[in-house]
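Chemist: Input structure: data.cif, which contains mmCIF, C-alpha atoms.
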```
data_target
loop_
_atom_site.label_atom_id
_atom_site.label_comp_id
_atom_site.auth_asym_id
_atom_site.auth_seq_id
_atom_site.Cartn_x
_atom_site.Cartn_y
_atom_site.Cartn_z
CA MET F 1 -10.56 -37.91 -37.48
CA SER F 2 -12.08 -41.20 -36.34
CA SER F 3 -15.01 -41.09 -33.96
CA LEU F 4 -14.40 -41.73 -30.28
CA PRO F 5 -15.27 -45.16 -28.85
CA VAL F 6 -18.59 -45.65 -27.07
CA VAL F 7 -18.35 -45.37 -23.29
CA ARG F 8 -21.13 -46.20 -20.85
CA VAL F 9 -21.27 -45.27 -17.18
CA GLU F 10 -22.19 -48.01 -14.73
CA ALA F 11 -22.53 -48.39 -10.97
CA LEU F 12 -20.98 -51.63 -9.70
CA ALA F 13 -23.31 -51.61 -6.69
CA PRO F 14 -26.80 -50.08 -6.22
CA GLN F 15 -25.58 -47.44 -3.74
CA TYR F 16 -23.46 -45.83 -6.48
CA ALA F 17 -26.32 -45.47 -8.98
CA GLU F 18 -26.94 -41.81 -8.18
CA GLN F 19 -23.26 -40.92 -8.58
CA ALA F 20 -23.14 -42.86 -11.86
CA SER F 21 -26.13 -40.92 -13.14
CA SER F 22 -24.47 -37.64 -12.16
CA TRP F 23 -21.23 -38.50 -13.99
CA ALA F 24 -23.17 -39.67 -17.06
CA SER F 25 -25.00 -36.35 -17.16
CA ARG F 26 -21.82 -34.30 -16.68
CA LEU F 27 -19.87 -36.16 -19.35
CA GLY F 28 -22.74 -36.65 -21.79
CA LEU F 29 -22.43 -40.45 -21.67
CA PRO F 30 -25.14 -43.14 -21.65
CA LEU F 31 -25.95 -45.32 -18.65
CA GLN F 32 -26.96 -48.13 -21.01
CA ALA F 33 -25.11 -49.01 -24.20
CA ASP F 34 -24.97 -52.62 -25.42
CA HIS F 35 -22.23 -51.87 -27.93
CA ALA F 36 -20.00 -49.87 -25.58
CA GLU F 37 -16.27 -50.55 -25.85
CA PHE F 38 -15.46 -48.97 -22.48
CA ALA F 39 -17.20 -48.52 -19.14
CA LEU F 40 -16.66 -45.73 -16.65
CA GLN F 41 -17.42 -47.58 -13.44
CA LEU F 42 -18.15 -46.56 -9.84
CA ASP F 43 -17.59 -48.64 -6.74
CA GLU F 44 -16.17 -48.24 -3.23
CA THR F 45 -12.71 -47.48 -4.66
CA GLY F 46 -14.04 -44.57 -6.73
CA LEU F 47 -14.14 -43.98 -10.46
CA GLN F 48 -12.35 -46.28 -12.90
CA LEU F 49 -12.17 -46.78 -16.67
CA GLN F 50 -12.49 -50.35 -17.90
CA LEU F 51 -11.97 -51.68 -21.41
CA LEU F 52 -14.71 -54.19 -22.14
CA GLY F 53 -14.45 -57.48 -23.96
CA PRO F 54 -12.32 -60.63 -23.71
CA GLN F 55 -8.71 -60.35 -22.53
CA ALA F 56 -9.19 -56.73 -21.50
CA PRO F 57 -6.67 -55.48 -18.94
CA GLY F 58 -7.85 -54.40 -15.52
CA PRO F 59 -9.29 -50.94 -14.89
CA VAL F 60 -7.36 -47.72 -14.58
CA ARG F 61 -8.06 -45.28 -11.76
CA VAL F 62 -6.20 -42.46 -10.05
CA ASP F 63 -4.94 -43.44 -6.61
CA PHE F 64 -2.66 -41.09 -4.69
CA LEU F 65 -2.95 -43.10 -1.46
CA GLU F 66 -1.51 -46.49 -2.41
CA GLY F 67 0.54 -48.17 -5.11
CA GLY F 68 3.08 -46.29 -7.20
CA ALA F 69 2.16 -42.78 -6.03
CA ALA F 70 2.56 -43.71 -2.37
CA HIS F 71 5.84 -45.51 -3.00
CA ARG F 72 7.26 -42.57 -4.93
CA ARG F 73 6.10 -40.13 -2.24
CA GLN F 74 7.90 -42.14 0.46
CA PHE F 75 10.95 -43.44 -1.39
CA GLY F 76 11.20 -41.43 -4.61
CA GLY F 77 14.37 -39.51 -3.88
CA GLY F 78 12.90 -36.15 -2.86
CA SER F 79 14.35 -33.05 -4.48
CA GLY F 80 17.14 -35.16 -5.99
CA GLN F 81 14.73 -36.57 -8.58
CA MET F 82 15.38 -35.52 -12.16
CA ILE F 83 11.93 -33.94 -12.52
CA ALA F 84 12.64 -31.78 -9.46
CA LYS F 85 15.91 -30.58 -10.98
CA ALA F 86 14.18 -29.99 -14.33
CA VAL F 87 11.57 -27.61 -12.89
CA GLY F 88 14.21 -25.80 -10.82
CA ILE F 89 13.52 -27.01 -7.28
CA GLN F 90 16.43 -25.96 -5.03
CA PRO F 91 16.80 -24.98 -1.38
CA GLY F 92 14.35 -22.11 -0.84
CA ILE F 93 12.93 -22.42 -4.37
CA ARG F 94 9.55 -24.03 -4.98
CA PRO F 95 8.29 -22.54 -8.26
CA SER F 96 4.62 -22.16 -9.14
CA ILE F 97 3.95 -24.68 -11.92
CA LEU F 98 1.38 -25.17 -14.66
CA ASP F 99 1.20 -28.81 -15.72
CA ALA F 100 -0.51 -28.29 -19.07
CA THR F 101 -0.77 -32.02 -19.91
CA ALA F 102 -1.83 -33.41 -16.55
CA GLY F 103 -2.96 -36.92 -17.55
CA LEU F 104 -3.42 -39.00 -14.39
CA GLY F 105 -1.56 -36.44 -12.31
CA ARG F 106 1.48 -38.55 -11.42
CA ASP F 107 4.17 -35.97 -12.14
CA ALA F 108 2.05 -33.19 -10.60
CA PHE F 109 1.70 -35.26 -7.43
CA VAL F 110 5.47 -35.69 -7.19
CA LEU F 111 5.99 -31.93 -7.54
CA ALA F 112 3.22 -31.15 -5.04
CA THR F 113 4.82 -33.63 -2.62
CA LEU F 114 8.00 -31.58 -2.89
CA GLY F 115 6.10 -28.40 -1.97
CA CYS F 116 5.15 -26.81 -5.29
CA ASP F 117 1.74 -25.29 -6.01
CA LEU F 118 0.34 -26.48 -9.33
CA VAL F 119 -2.44 -25.77 -11.75
CA MET F 120 -3.15 -28.86 -13.86
CA ILE F 121 -4.92 -28.83 -17.21
CA GLU F 122 -6.34 -31.99 -18.79
CA ARG F 123 -8.33 -31.68 -22.00
CA GLN F 124 -9.71 -35.22 -22.26
CA PRO F 125 -12.91 -35.22 -20.14
CA LEU F 126 -12.69 -38.90 -19.11
CA ILE F 127 -9.11 -38.57 -17.90
CA ALA F 128 -9.97 -35.32 -16.14
CA ALA F 129 -12.88 -37.12 -14.42
CA LEU F 130 -10.56 -39.88 -13.15
CA LEU F 131 -8.11 -37.26 -11.89
CA GLU F 132 -10.88 -35.23 -10.21
CA ASP F 133 -12.11 -38.37 -8.45
CA GLY F 134 -8.60 -39.30 -7.30
CA LEU F 135 -8.01 -35.83 -5.89
CA ALA F 136 -11.35 -35.88 -4.06
CA ARG F 137 -10.57 -39.22 -2.40
CA ALA F 138 -7.07 -38.09 -1.46
CA ARG F 139 -8.48 -35.04 0.34
CA ASN F 140 -10.09 -37.42 2.83
CA ASP F 141 -6.69 -38.76 3.89
CA MET F 142 -4.96 -36.80 6.65
CA GLU F 143 -1.45 -37.54 5.37
CA VAL F 144 -2.03 -36.79 1.69
CA ARG F 145 -4.54 -33.94 2.01
CA THR F 146 -1.90 -31.24 2.40
CA ILE F 147 -0.24 -32.44 -0.82
CA VAL F 148 -3.33 -32.57 -3.05
CA GLU F 149 -4.49 -29.20 -1.76
CA ARG F 150 -1.57 -27.79 -3.77
CA MET F 151 -3.00 -29.38 -6.95
CA HIS F 152 -5.73 -27.43 -8.77
CA LEU F 153 -7.39 -29.11 -11.76
CA ARG F 154 -8.90 -27.36 -14.78
CA GLN F 155 -10.51 -29.31 -17.60
CA GLY F 156 -10.12 -27.81 -21.04
CA ASN F 157 -7.79 -27.06 -23.93
CA ALA F 158 -4.41 -25.98 -22.53
CA ILE F 159 -3.54 -23.84 -25.55
CA GLU F 160 -6.77 -21.85 -25.25
CA LEU F 161 -6.48 -21.57 -21.47
CA MET F 162 -2.89 -20.32 -21.74
CA VAL F 163 -3.84 -17.74 -24.39
CA ASP F 164 -6.63 -16.44 -22.13
CA TRP F 165 -4.71 -16.84 -18.86
CA GLN F 166 -6.08 -14.82 -15.97
CA GLY F 167 -4.07 -13.82 -12.90
CA GLU F 168 -0.45 -14.43 -11.98
CA PRO F 169 1.37 -16.40 -14.70
CA PRO F 170 3.15 -19.59 -13.65
CA GLN F 171 6.89 -19.48 -13.16
CA VAL F 172 7.32 -22.90 -14.78
CA ILE F 173 5.19 -24.72 -17.35
CA TYR F 174 5.59 -28.49 -17.60
CA LEU F 175 4.62 -30.38 -20.76
CA ASP F 176 4.49 -34.13 -21.27
CA PRO F 177 2.86 -34.56 -24.70
CA MET F 178 1.45 -37.95 -25.65
CA PHE F 179 3.86 -39.94 -27.78
CA PRO F 180 4.11 -43.58 -28.91
CA HIS F 181 5.17 -45.20 -25.63
CA ARG F 182 7.69 -47.99 -25.83
CA GLU F 183 8.20 -48.63 -22.13
CA LYS F 184 7.94 -52.28 -21.18
CA SER F 185 5.95 -51.52 -18.03
CA ALA F 186 2.68 -53.47 -17.99
CA LEU F 187 1.03 -50.54 -16.25
CA VAL F 188 1.98 -48.13 -19.01
CA LYS F 189 0.86 -50.61 -21.65
CA LYS F 190 -2.51 -50.97 -19.96
CA GLU F 191 -3.02 -47.23 -19.71
CA MET F 192 -1.97 -46.63 -23.29
CA ARG F 193 -4.38 -49.30 -24.50
CA LEU F 194 -7.17 -47.54 -22.65
CA PHE F 195 -6.34 -43.93 -23.37
CA ARG F 196 -4.90 -43.82 -26.86
CA PRO F 197 -8.34 -44.26 -28.54
CA PHE F 198 -9.46 -41.10 -26.74
CA VAL F 199 -6.30 -39.04 -26.76
CA GLY F 200 -4.25 -40.02 -29.82
CA ASP F 201 -0.92 -38.23 -30.18
CA ASP F 202 -0.53 -34.55 -29.31
CA LEU F 203 -0.34 -33.23 -32.85
CA ASP F 204 -0.46 -29.65 -31.55
CA ALA F 205 2.58 -30.08 -29.28
CA ASP F 206 4.50 -27.40 -31.24
CA THR F 207 1.74 -24.85 -30.61
CA LEU F 208 1.55 -25.94 -26.98
CA LEU F 209 5.25 -25.15 -26.59
CA VAL F 210 4.88 -21.74 -28.28
CA GLN F 211 2.08 -20.73 -25.90
CA ALA F 212 3.95 -22.13 -22.89
CA LEU F 213 7.03 -20.07 -23.76
CA ALA F 214 4.85 -16.98 -24.10
CA LEU F 215 3.20 -17.50 -20.68
CA ALA F 216 5.83 -18.96 -18.33
CA THR F 217 7.88 -16.34 -16.53
CA HIS F 218 10.98 -18.45 -15.80
CA ARG F 219 11.16 -21.70 -17.78
CA VAL F 220 9.35 -24.38 -19.77
CA VAL F 221 10.12 -28.06 -19.27
CA VAL F 222 9.19 -30.71 -21.84
CA LYS F 223 9.37 -34.42 -21.02
CA ARG F 224 10.36 -36.56 -24.02
CA PRO F 225 11.40 -40.15 -24.74
CA ARG F 226 15.18 -40.24 -24.36
CA LYS F 227 15.93 -40.71 -28.07
CA ALA F 228 13.05 -38.66 -29.50
CA PRO F 229 13.72 -35.35 -31.25
CA ALA F 230 12.88 -32.12 -29.48
CA ILE F 231 9.47 -30.62 -30.16
CA GLY F 232 9.60 -28.49 -33.32
CA GLY F 233 10.30 -24.79 -33.02
CA ALA F 234 12.57 -23.35 -30.36
CA LYS F 235 15.59 -25.41 -29.35
CA PRO F 236 15.96 -26.28 -25.66
CA GLY F 237 18.68 -24.53 -23.69
CA TYR F 238 19.76 -27.84 -22.18
CA SER F 239 18.45 -31.30 -21.30
CA LEU F 240 18.55 -33.74 -18.40
CA GLU F 241 18.69 -37.33 -19.59
CA GLY F 242 17.57 -40.47 -17.78
CA LYS F 243 17.36 -44.13 -18.77
CA SER F 244 14.15 -43.95 -20.78
CA SER F 245 13.19 -40.28 -20.88
CA ARG F 246 14.71 -36.83 -20.76
CA TYR F 247 13.66 -33.30 -19.82
CA ASP F 248 14.24 -30.51 -22.34
CA ILE F 249 14.55 -27.20 -20.49
CA TYR F 250 13.78 -23.83 -22.10
CA PRO F 251 15.09 -21.24 -19.62
CA LYS F 252 13.79 -17.67 -19.67
CA LYS F 253 14.85 -16.25 -16.32
CA LYS F 254 16.79 -17.49 -13.28
CA LEU F 255 14.67 -18.85 -10.41
CA THR F 256 15.61 -17.25 -7.09
CA PRO F 257 14.59 -18.09 -3.51
CA SER F 258 11.42 -16.35 -2.37
CA VAL F 259 12.05 -13.78 0.32
#
```
Just give me the structure of the file as structure tokens.

Modeler:
Amino acid sequence: MSSLPVVRVEALAPQYAEQASSWASRLGLPLQADHAEFALQLDETGLQLQLLGPQAPGPVRVDFLEGGAAHRRQFGGGSGQMIAKAVGIQPGIRPSILDATAGLGRDAFVLATLGCDLVMIERQPLIAALLEDGLARARNDMEVRTIVERMHLRQGNAIELMVDWQGEPPQVIYLDPMFPHREKSALVKKEMRLFRPFVGDDLDADTLLVQALALATHRVVVKRPRKAPAIGGAKPGYSLEGKSSRYDIYPKKKLTPSV
């Protein structure tokens, strides 16, 4: 396996130096590195990851208050969205969900907006740091606070955490393994360019599905590119297909309204 790229942590203004030092210590990253390929930066908008060098795209950060997340929260279609149907949201049914491949938290935020409680697992420490920062900033917003309080982040290996799960198991486990993205969205391209050197493809997706099926009480949902094969192993019970992606559903037990 190739070594990970060099990342330095930098404050973009003097008042963020202490925070930068704290993140560097937590993540085991240098504050100075002349040959760094990436910078984890702090400024008034929070934490962001920036590819360095000529023609680098802009930074990536987690923002639940503005941009795409806000638009989807306000105009995304509510419980009629395909992801809502995939996880089993219906009148009176808001399942507890484990998002085992949280990434930047976009899908988890949609599900939390619709009233679900979620545990999110992200194994890549840099991505988890961006998500942690985005959640912390969102908690300061009166309108969004109630949503992100339903989102609970754990950093670590989802397979190991599922094997050693403590407490009530989730009703639904949601998986969105990394795959070679072909979407034409500039945003997705930018994020893939930044994250693929750290994340690669999820070569253990089959094992992830096995553990998810063992832990979830009611169903497992796997997001896939529309034309991609299902993850190896168990065949999905059925699928919901959209323009560019689909949801493979592995039902175990019928979800019923909570009394």

Chemist: When the PyMOL selection byres ((chain F and resi 244) around 8) is applied to the file above, which residues end up in the set, as an mmCIF file with C-alpha atoms, in the frame of the given file?

Modeler:
```cif
data_model
loop_
_atom_site.group_PDB
_atom_site.id
_atom_site.type_symbol
_atom_site.label_atom_id
_atom_site.label_comp_id
_atom_site.auth_asym_id
_atom_site.auth_seq_id
_atom_site.Cartn_x
_atom_site.Cartn_y
_atom_site.Cartn_z
ATOM 1 C CA GLU F 183 8.200 -48.630 -22.130
ATOM 2 C CA PRO F 225 11.400 -40.150 -24.740
ATOM 3 C CA ARG F 226 15.180 -40.240 -24.360
ATOM 4 C CA GLY F 242 17.570 -40.470 -17.780
ATOM 5 C CA LYS F 243 17.360 -44.130 -18.770
ATOM 6 C CA SER F 245 13.190 -40.280 -20.880
ATOM 7 C CA ARG F 246 14.710 -36.830 -20.760
#
```

Chemist: If you measure from CA of Gly46 in chain F to CA of Asp133 in chain F, what distance in Å do you get, rounded to one decimal?

Modeler: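 CA of Asp133 in chain F lies 6.7 Å from CA of Gly46 in chain F.
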
Chemist: Expand the PyMOL selection byres ((chain F and resi 250) around 7) into the individual residues it matches in the shown file, reporting them as a list of chain:residue names.

Modeler: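 Selected by the PyMOL selection byres ((chain F and resi 250) around 7) in this file: F:Arg219, F:Val220, F:Val221, F:Pro236, F:Gly237, F:Asp248, F:Ile249, F:Pro251, F:Lys252.
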
Chemist: Can those selected residues be exported to a file as a short mmCIF file (atom, residue, chain, number, x, y, z; two decimals), in the coordinates of the input so that it contains C-alpha atoms?

Modeler:
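Below is the file that was written, part29.cif:
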```
data_model
loop_
_atom_site.label_atom_id
_atom_site.label_comp_id
_atom_site.auth_asym_id
_atom_site.auth_seq_id
_atom_site.Cartn_x
_atom_site.Cartn_y
_atom_site.Cartn_z
CA ARG F 219 11.16 -21.70 -17.78
CA VAL F 220 9.35 -24.38 -19.77
CA VAL F 221 10.12 -28.06 -19.27
CA PRO F 236 15.96 -26.28 -25.66
CA GLY F 237 18.68 -24.53 -23.69
CA ASP F 248 14.24 -30.51 -22.34
CA ILE F 249 14.55 -27.20 -20.49
CA PRO F 251 15.09 -21.24 -19.62
CA LYS F 252 13.79 -17.67 -19.67
#
```

Chemist: Which residue out of F:Ala212, F:Ile97, F:Val222, F:Leu126 has the minimum interatomic distance to Val60 in chain F when all atoms listed in the file are used?

Modeler: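 Selected residue with least distance to Val60 in chain F: F:Leu126.
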
Chemist: Carefully work through the PyMOL selection byres ((chain F and resi 27) around 10) for this structure and note down the residues it includes, as a short mmCIF file (atom, residue, chain, number, x, y, z; two decimals) with C-alpha atoms, keeping the file's coordinate frame.

Modeler:
```
data_model
loop_
_atom_site.label_atom_id
_atom_site.label_comp_id
_atom_site.auth_asym_id
_atom_site.auth_seq_id
_atom_site.Cartn_x
_atom_site.Cartn_y
_atom_site.Cartn_z
CA VAL F 9 -21.27 -45.27 -17.18
CA SER F 22 -24.47 -37.64 -12.16
CA TRP F 23 -21.23 -38.50 -13.99
CA ALA F 24 -23.17 -39.67 -17.06
CA SER F 25 -25.00 -36.35 -17.16
CA ARG F 26 -21.82 -34.30 -16.68
CA GLY F 28 -22.74 -36.65 -21.79
CA LEU F 29 -22.43 -40.45 -21.67
CA PRO F 30 -25.14 -43.14 -21.65
CA PRO F 125 -12.91 -35.22 -20.14
CA LEU F 126 -12.69 -38.90 -19.11
CA ALA F 129 -12.88 -37.12 -14.42
#
```

Chemist: Need the shell around Thr45 in chain F: protein/DNA/RNA residues with any atom at most 10 Å away, counting all atoms listed in the file. Skip same-chain ones fewer than 4 positions apart. Format as number ranges by chain?

Modeler: F: 41, 61-63, 133-134, 137

Chemist: Using all atoms listed in the file, which residue out of F:Ala228, F:Leu47, F:Leu213, F:Val7 lies closest to Ala33 in chain F?

Modeler: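 The shortest atom-to-atom distance to Ala33 in chain F comes from F:Val7.
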
Chemist: What does the distance from CA of Leu215 in chain F to CA of Asp164 in chain F come to in Å, to one decimal?

Modeler: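 It comes out at 10.0 Å.
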
Chemist: For a test of reading the model, state the distance in Å between CA of Pro257 in chain F and CA of His218 in chain F, rounded to one decimal.

Modeler: 12.8 Å

Chemist: Could you name the residues that touch Met120 in chain F at 10 Å or less, counting all atoms listed in the file, but leaving out those on the same chain fewer than 6 positions away, as number ranges by chain?

Modeler: F: 97-103, 105, 108, 128, 131, 151-155, 158, 173-174

Chemist: Provide range 87-123 of chain F of the preceding structure as a file containing C-alpha atoms, as a short mmCIF file (atom, residue, chain, number, x, y, z; two decimals), in the first residue's frame.

Modeler:
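Writing the result to part-v5.cif gives the following:
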```cif
data_model
loop_
_atom_site.label_atom_id
_atom_site.label_comp_id
_atom_site.auth_asym_id
_atom_site.auth_seq_id
_atom_site.Cartn_x
_atom_site.Cartn_y
_atom_site.Cartn_z
CA VAL F 87 -34.13 3.32 4.99
CA GLY F 88 -37.84 2.74 5.62
CA ILE F 89 -39.09 6.16 6.70
CA GLN F 90 -42.91 6.14 6.72
CA PRO F 91 -45.62 7.86 8.76
CA GLY F 92 -44.83 7.03 12.39
CA ILE F 93 -41.57 5.25 11.48
CA ARG F 94 -38.22 6.91 12.05
CA PRO F 95 -35.71 4.06 12.40
CA SER F 96 -32.50 4.29 14.39
CA ILE F 97 -29.68 4.28 11.84
CA LEU F 98 -25.98 3.50 11.80
CA ASP F 99 -24.24 5.27 8.91
CA ALA F 100 -21.10 3.14 8.82
CA THR F 101 -19.41 5.14 6.02
CA ALA F 102 -20.22 8.68 7.11
CA GLY F 103 -17.84 10.67 4.90
CA LEU F 104 -18.80 14.35 5.08
CA GLY F 105 -22.13 13.52 6.68
CA ARG F 106 -24.41 14.63 3.84
CA ASP F 107 -26.72 11.61 3.78
CA ALA F 108 -26.75 11.43 7.58
CA PHE F 109 -27.80 15.08 7.72
CA VAL F 110 -30.71 14.41 5.35
CA LEU F 111 -31.89 11.51 7.51
CA ALA F 112 -31.47 13.51 10.72
CA THR F 113 -33.46 16.35 9.13
CA LEU F 114 -36.27 13.85 8.60
CA GLY F 115 -36.21 12.91 12.30
CA CYS F 116 -33.94 9.86 12.52
CA ASP F 117 -31.32 9.37 15.23
CA LEU F 118 -27.98 8.32 13.78
CA VAL F 119 -24.62 7.01 14.84
CA MET F 120 -22.01 7.86 12.19
CA ILE F 121 -18.69 6.07 11.79
CA GLU F 122 -15.83 7.53 9.73
CA ARG F 123 -12.51 5.73 9.71
#
```
